[in-house]
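Asker: Please find one structure pasted underneath; my questions will follow.
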Amino acid sequence: MIEDLKQTFLNELGSATSAADLFQLRVNYLGKKGTVTAALKTLSSASPEDRPLLGKKINEVKQFIEAELDSREASLKSETLKKQLLADSIDITLPGKYTAFGREHPINKVLLEIVDIFVRMGFSVEQGPEVEQDYYNFEALNFPKEHPARDMQDTFFVSDDIVLRTHTSPVQVREMEKRKPPVRFIAPGKVYRCDADITHTPMFNQVEGLMVDKNITFSNLKGILEAFLHRMFGPGTPIRFRPSFFPFTEPSAEVDIGCILCGGSGCRVCKESGWLEILGAGMVNPAVFEFVGYDTEVYSGFAFGMGIERIAMLKYSIDDIRLFYENDIRFLGQF
Ligand code: DAH
């Protein structure tokens with residue numbers, strides 16, 4: 001009878017296929033109301049002579065069933081895991097998913113190139129505020145109040161004496177206030193003017209340069225700018241200085257390079273002149289030194305300033321400045 005129980009269990013175990021089936025078997029055989037439990041209960045009504053042997057047999061069957069169930073459960077578990085791992089496996093031979101990477105903006109690219117050239121020549125890199133006092137943007141750069149030169153710059157006013165800086169030149173004054181000569185730095189950054197067409201945006205970038213020490217002459221200015229322009233546009237690039245006017249430099253010059261698009265023969269970009277205006281420069285006006293307390297008898301210096309967008313436009317033959325700020329990735333992806 002107890003042997004039958006074992007056989008029935010084995011048959012049922014043979015057709016169990018899931019964890020739920022196995023659990024049901026465990027309940028049916030070993031549970032409180034299970035068959036084995038019921039068999040154990042019959043022991044009390046067995047004759048005292050039969051009882052030890054019967055008890056031993058039932059216990060053997062109980063242990064057998066327990067062991068069988070445990071091992072089937074374990075193997076079912078590992079089979080399930082194996083199936084799951086196979087189903088989840090990734091095919092490492094498939095091509096990867098393409099992720100588009102961002103790129104350096106053409107303006108930053110040109111800016112960093114300029115910074116790199118000057119840093120190699122011993123210039124440090126300084127910065128100043130974009131929201132600037134009238135004093136630094138104009139007054140201390142020798143633009144007196146009501147001076148017509150202020151009209152050259154289409155200023156955005158924040159209040160009567162606060163402006164969005166119209167150029168990076170105020171950094172000259174801020175730096176000279178901070179330290180004594182020798183001074184040698186460039187100051188790149190954003191500037192603002194109320195102006196918009198295919199060559200002007202209300203915000204654009206400039207790089208300022210300043211070098212002050214004893215015995216700084218116009219030759220030093222020419223030497224530094226020539227070294228810069230030849231590294232920027234190629235060693236053979238023709239350079240010329242034209243007399244100009246800025247309140248904070250005396251004498252002042254505008255610096256042209258031979259047109260890099262037509263090679264000097266004349267084209268639409270250089271307006272048939274063969275020359276491209278690249279930067280403004282000059283010897284620091286002693287009036288500016290007076291504002292920062294430098295001894296004009298001992299020190300002299302030169303300054304220069306250039307627009308980054310203009311240089312980038314020439315370098316990459318871009319004819320509309322607004323392309324830089326429309327953030328069309330078809331445009332930006334080309335650099
Ligand atoms: N600040 C001038 C401008 O924005 C550019 C400039 C000209 C800067 C001559 C200079 C300089 O430092 O010497 O138009």
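Residue names in the structure tokens use chain letters A, B, ... in the order shown, residue numbers from 1 in each chain, and ligand numbers from 1 in the order shown.
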I'd like the contact shell of stretch 215-218 of chain A - 12 Å cut-off, only C-alpha atoms, skipping same-chain residues fewer than 5 positions apart - returned as a ChimeraX atom specification.
Answerer: /A:181-184,210,223-225,241,249-253,281-284,296-304
Asker: Give me every alpha helix (DSSP H) residue in stretch 53-97 of chain A, going by DSSP on the backbone, as number ranges by chain.
Answerer: A: 53-88
Asker: With distances taken over only C-alpha atoms and all ligand atoms, which residue among A:Glu226, A:Phe291, A:Pro188, A:Phe324 lies nearest ligand 1?
Answerer: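 Among the listed residues, A:Pro188 lies closest to ligand 1.
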Asker: Ranking A:Pro238, A:Thr168, A:Ala19, A:Ile58 by minimum distance to A:Thr42 and counting only C-alpha atoms, which one comes first?
Answerer: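 Counting only C-alpha atoms, the residue closest to A:Thr42 is A:Ile58.
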Asker: For A:Arg322, please output as number ranges by chain all residues within 9 Å (counting only C-alpha atoms; exclusion window: fewer than 6 positions along the same chain).
Answerer: A: 196-201
Asker: Could you take the residues named above and write them with N, CA, C and O atoms, as a PDB file, in the first residue's frame?
Answerer:
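Okay, this is what ended up in again-v9.pdb:
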ATOM      1  N   ALA A 196      22.012  94.946 -37.138  1.00  0.00           N
ATOM      2  CA  ALA A 196      21.721  93.606 -37.672  1.00  0.00           C
ATOM      3  C   ALA A 196      21.562  93.632 -39.186  1.00  0.00           C
ATOM      4  O   ALA A 196      20.675  94.297 -39.717  1.00  0.00           O
ATOM      5  N   ASP A 197      22.459  92.937 -39.876  1.00  0.00           N
ATOM      6  CA  ASP A 197      22.321  92.697 -41.320  1.00  0.00           C
ATOM      7  C   ASP A 197      23.192  91.495 -41.667  1.00  0.00           C
ATOM      8  O   ASP A 197      23.580  90.769 -40.757  1.00  0.00           O
ATOM      9  N   ILE A 198      23.525  91.282 -42.937  1.00  0.00           N
ATOM     10  CA  ILE A 198      24.246  90.037 -43.234  1.00  0.00           C
ATOM     11  C   ILE A 198      25.695  90.020 -42.742  1.00  0.00           C
ATOM     12  O   ILE A 198      26.349  88.991 -42.752  1.00  0.00           O
ATOM     13  N   THR A 199      26.202  91.169 -42.292  1.00  0.00           N
ATOM     14  CA  THR A 199      27.551  91.144 -41.698  1.00  0.00           C
ATOM     15  C   THR A 199      27.571  91.588 -40.235  1.00  0.00           C
ATOM     16  O   THR A 199      28.629  91.677 -39.624  1.00  0.00           O
ATOM     17  N   HIS A 200      26.385  91.875 -39.673  1.00  0.00           N
ATOM     18  CA  HIS A 200      26.321  92.307 -38.265  1.00  0.00           C
ATOM     19  C   HIS A 200      25.233  91.579 -37.496  1.00  0.00           C
ATOM     20  O   HIS A 200      24.116  91.440 -37.983  1.00  0.00           O
ATOM     21  N   THR A 201      25.588  91.118 -36.281  1.00  0.00           N
ATOM     22  CA  THR A 201      24.582  90.577 -35.353  1.00  0.00           C
ATOM     23  C   THR A 201      24.683  91.393 -34.066  1.00  0.00           C
ATOM     24  O   THR A 201      25.760  91.899 -33.748  1.00  0.00           O
TER      25      THR A 201
END
Asker: Which residues, written as a ChimeraX atom specification, have at least one atom at most 10 Å from A:Leu164, with only C-alpha atoms counted and residues fewer than 4 positions away on the same chain left out?
Answerer: /A:129-134,137,155-159,190-193,203
Asker: Okay, now the selection with C-alpha atoms, as a short mmCIF file (atom, residue, chain, number, x, y, z; two decimals), in the first residue's frame?
Answerer:
data_model
loop_
_atom_site.label_atom_id
_atom_site.label_comp_id
_atom_site.auth_asym_id
_atom_site.auth_seq_id
_atom_site.Cartn_x
_atom_site.Cartn_y
_atom_site.Cartn_z
CA PRO A 129 32.09 91.78 -17.61
CA GLU A 130 29.67 91.99 -20.54
CA VAL A 131 27.42 94.38 -18.62
CA GLU A 132 29.82 97.26 -18.22
CA GLN A 133 30.05 100.70 -16.70
CA ASP A 134 30.11 103.68 -19.05
CA ASN A 137 33.47 101.15 -21.96
CA THR A 155 25.30 101.10 -27.78
CA PHE A 156 22.67 99.14 -25.86
CA PHE A 157 22.06 101.07 -22.65
CA VAL A 158 21.03 99.27 -19.46
CA SER A 159 20.75 102.59 -17.62
CA LYS A 190 31.15 88.74 -26.37
CA VAL A 191 30.28 92.31 -27.25
CA TYR A 192 26.97 93.96 -28.18
CA ARG A 193 25.85 96.55 -30.69
CA MET A 203 25.99 90.04 -30.24
#
Asker: When you draw a straight line from atom CA of A:Leu314 to atom CA of A:Phe331, how long is it in Å?
Answerer: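 A separation of 15.8 Å between them.
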Asker: A:Glu104, A:Glu79, A:Glu3, A:Glu113: which is nearest A:Phe228, counting only C-alpha atoms?
Answerer: A:Glu113
Asker: From the list A:Ile260, A:Ile162, A:Leu141, A:Ala312, which residue is nearest ligand 1 when using only C-alpha atoms and all ligand atoms?
Answerer: A:Leu141
Asker: Using atom CA of A:Pro247 and atom CA of A:Gly305 as the two end points, give the distance in Å to one decimal.
Answerer: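 Rounded to one decimal, the two atoms are 13.4 Å apart.
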Asker: Between A:Leu69, A:Ala227, A:Leu22, A:Ile278, single out the one closest to ligand 1, counting only C-alpha atoms and all ligand atoms.
Answerer: A:Ile278
